[in-house]
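Here is the structure we will look at, set down as structure tokens.
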Amino acid sequence: MDCEYCKKIFGNDEDSILNYLQHVQINHNDELSEEEKITHNIREKMIQSKKAYKIFKKKTGDSDLVFNSKNSDDL
Ligand SMILES: [Zn+2]
């Protein structure tokens, strides 16, 4: 994915998306609508909880559970 405001390129993995969301909040906050700010917050929290879940899963060693995230790109 790339930044829709300055065309900076980001990857598609979770860390890159987090970086992208943080980049937009830091660099383009003035350009975001209230709705976009809310959407970005939700995505950020979603990725962070997904990452927290993966860490939890690693610690417990349970690989059978599937994290059922609604991780769509149409947000
Ligand atoms: Zn940018």
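Numbering starts fresh at 1 for the residues of each chain in the structure tokens, the chains themselves are lettered A, B, ... in the order given, and ligands are numbered from 1 as they appear.
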Dump the neighbourhood of ligand 1 as a VMD selection string: all residues within 10 Å, distances computed on only C-alpha atoms and all ligand atoms.
chain A and resid 2 to 10 20 to 29
Residue selection dump (N, CA and C atoms) as an mmCIF file, in the first residue's frame:
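So the final result, stored in part-v1.cif, reads:
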```cif
data_model
loop_
_atom_site.group_PDB
_atom_site.id
_atom_site.type_symbol
_atom_site.label_atom_id
_atom_site.label_comp_id
_atom_site.auth_asym_id
_atom_site.auth_seq_id
_atom_site.Cartn_x
_atom_site.Cartn_y
_atom_site.Cartn_z
ATOM 1 N N ASP A 2 0.345 2.337 -0.511
ATOM 2 C CA ASP A 2 1.097 3.580 -0.406
ATOM 3 C C ASP A 2 0.207 4.670 0.197
ATOM 4 N N CYS A 3 0.851 5.653 0.762
ATOM 5 C CA CYS A 3 0.118 6.738 1.417
ATOM 6 C C CYS A 3 -0.664 7.518 0.367
ATOM 7 N N GLU A 4 -1.941 7.699 0.638
ATOM 8 C CA GLU A 4 -2.771 8.379 -0.358
ATOM 9 C C GLU A 4 -2.541 9.888 -0.372
ATOM 10 N N TYR A 5 -1.761 10.367 0.584
ATOM 11 C CA TYR A 5 -1.530 11.812 0.663
ATOM 12 C C TYR A 5 -0.174 12.210 0.088
ATOM 13 N N CYS A 6 0.866 11.414 0.370
ATOM 14 C CA CYS A 6 2.197 11.794 -0.109
ATOM 15 C C CYS A 6 2.857 10.696 -0.922
ATOM 16 N N LYS A 7 2.162 9.592 -1.151
ATOM 17 C CA LYS A 7 2.637 8.492 -2.005
ATOM 18 C C LYS A 7 3.837 7.749 -1.435
ATOM 19 N N LYS A 8 4.103 7.929 -0.153
ATOM 20 C CA LYS A 8 5.144 7.141 0.478
ATOM 21 C C LYS A 8 4.709 5.677 0.455
ATOM 22 N N ILE A 9 5.659 4.792 0.148
ATOM 23 C CA ILE A 9 5.329 3.379 -0.014
ATOM 24 C C ILE A 9 5.453 2.635 1.314
ATOM 25 N N PHE A 10 4.440 1.840 1.599
ATOM 26 C CA PHE A 10 4.464 0.968 2.772
ATOM 27 C C PHE A 10 4.189 -0.455 2.311
ATOM 28 N N TYR A 20 2.011 2.812 8.562
ATOM 29 C CA TYR A 20 1.264 3.680 7.658
ATOM 30 C C TYR A 20 0.209 4.478 8.426
ATOM 31 N N LEU A 21 -0.560 3.803 9.281
ATOM 32 C CA LEU A 21 -1.613 4.488 10.037
ATOM 33 C C LEU A 21 -1.007 5.565 10.933
ATOM 34 N N GLN A 22 0.137 5.229 11.551
ATOM 35 C CA GLN A 22 0.795 6.198 12.418
ATOM 36 C C GLN A 22 1.368 7.343 11.594
ATOM 37 N N HIS A 23 1.916 7.012 10.416
ATOM 38 C CA HIS A 23 2.442 8.029 9.508
ATOM 39 C C HIS A 23 1.348 9.025 9.126
ATOM 40 N N VAL A 24 0.184 8.525 8.783
ATOM 41 C CA VAL A 24 -0.920 9.396 8.371
ATOM 42 C C VAL A 24 -1.359 10.273 9.536
ATOM 43 N N GLN A 25 -1.438 9.657 10.723
ATOM 44 C CA GLN A 25 -1.879 10.435 11.887
ATOM 45 C C GLN A 25 -0.879 11.539 12.232
ATOM 46 N N ILE A 26 0.400 11.253 12.040
ATOM 47 C CA ILE A 26 1.421 12.238 12.386
ATOM 48 C C ILE A 26 1.545 13.300 11.287
ATOM 49 N N ASN A 27 1.557 12.845 10.038
ATOM 50 C CA ASN A 27 1.893 13.755 8.940
ATOM 51 C C ASN A 27 0.687 14.365 8.235
ATOM 52 N N HIS A 28 -0.425 13.702 8.292
ATOM 53 C CA HIS A 28 -1.568 14.164 7.495
ATOM 54 C C HIS A 28 -2.826 14.334 8.342
ATOM 55 N N ASN A 29 -2.636 14.523 9.622
ATOM 56 C CA ASN A 29 -3.781 14.617 10.524
ATOM 57 C C ASN A 29 -4.770 15.709 10.088
#
```
Would you list the contacts of Gly11 of chain A as a ChimeraX atom specification, taking every protein, DNA or RNA residue within 8 Å and counting only C-alpha atoms, but skipping same-chain residues closer than 4 positions in sequence?
/A:1-2,16-17
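Rounded to one decimal, atom CA of Lys59 of chain A and atom CA of Asp13 of chain A lie 21.4 Å from each other.
Between atom CA of Leu18 of chain A and atom CA of Ile38 of chain A the separation is 14.6 Å.
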Would you mind writing down, as number ranges by chain, each residue of chain A that DSSP on the backbone assigns to helix (DSSP H, G or I)?
A: 14-27, 29-31, 34-60
How would the residues just chosen look if you wrote them out with C-alpha atoms as a compact mmCIF listing (two decimals), in the first residue's frame?
```
# COMPACT_ATOMS: atom_id res chain seq x y z
CA GLU A 14 0.78 -5.74 9.80
CA ASP A 15 3.80 -3.75 10.96
CA SER A 16 3.82 -1.76 7.74
CA ILE A 17 0.12 -1.02 7.99
CA LEU A 18 0.61 0.13 11.57
CA ASN A 19 3.47 2.33 10.40
CA TYR A 20 1.26 3.68 7.66
CA LEU A 21 -1.61 4.49 10.04
CA GLN A 22 0.80 6.20 12.42
CA HIS A 23 2.44 8.03 9.51
CA VAL A 24 -0.92 9.40 8.37
CA GLN A 25 -1.88 10.44 11.89
CA ILE A 26 1.42 12.24 12.39
CA ASN A 27 1.89 13.75 8.94
CA ASN A 29 -3.78 14.62 10.52
CA ASP A 30 -5.09 17.92 9.18
CA GLU A 31 -6.17 16.27 5.94
CA GLU A 34 -13.39 12.90 11.43
CA GLU A 35 -14.67 9.71 9.84
CA GLU A 36 -11.23 8.80 8.53
CA LYS A 37 -9.67 9.44 11.93
CA ILE A 38 -12.15 7.04 13.50
CA THR A 39 -11.52 4.44 10.79
CA HIS A 40 -7.77 4.71 11.27
CA ASN A 41 -8.14 4.32 15.02
CA ILE A 42 -10.25 1.22 14.59
CA ARG A 43 -7.77 -0.33 12.16
CA GLU A 44 -4.88 0.45 14.45
CA LYS A 45 -6.60 -1.13 17.44
CA MET A 46 -7.62 -4.13 15.34
CA ILE A 47 -4.04 -4.79 14.19
CA GLN A 48 -2.68 -4.26 17.67
CA SER A 49 -5.14 -6.71 19.19
CA LYS A 50 -4.35 -9.17 16.41
CA LYS A 51 -0.65 -8.85 17.18
CA ALA A 52 -1.34 -9.22 20.90
CA TYR A 53 -3.31 -12.35 20.12
CA LYS A 54 -0.42 -13.80 18.10
CA ILE A 55 1.97 -13.17 20.98
CA PHE A 56 -0.52 -14.77 23.35
CA LYS A 57 -0.84 -17.73 20.99
CA LYS A 58 2.95 -18.13 20.81
CA LYS A 59 3.17 -18.12 24.58
CA THR A 60 0.44 -20.68 25.06
```
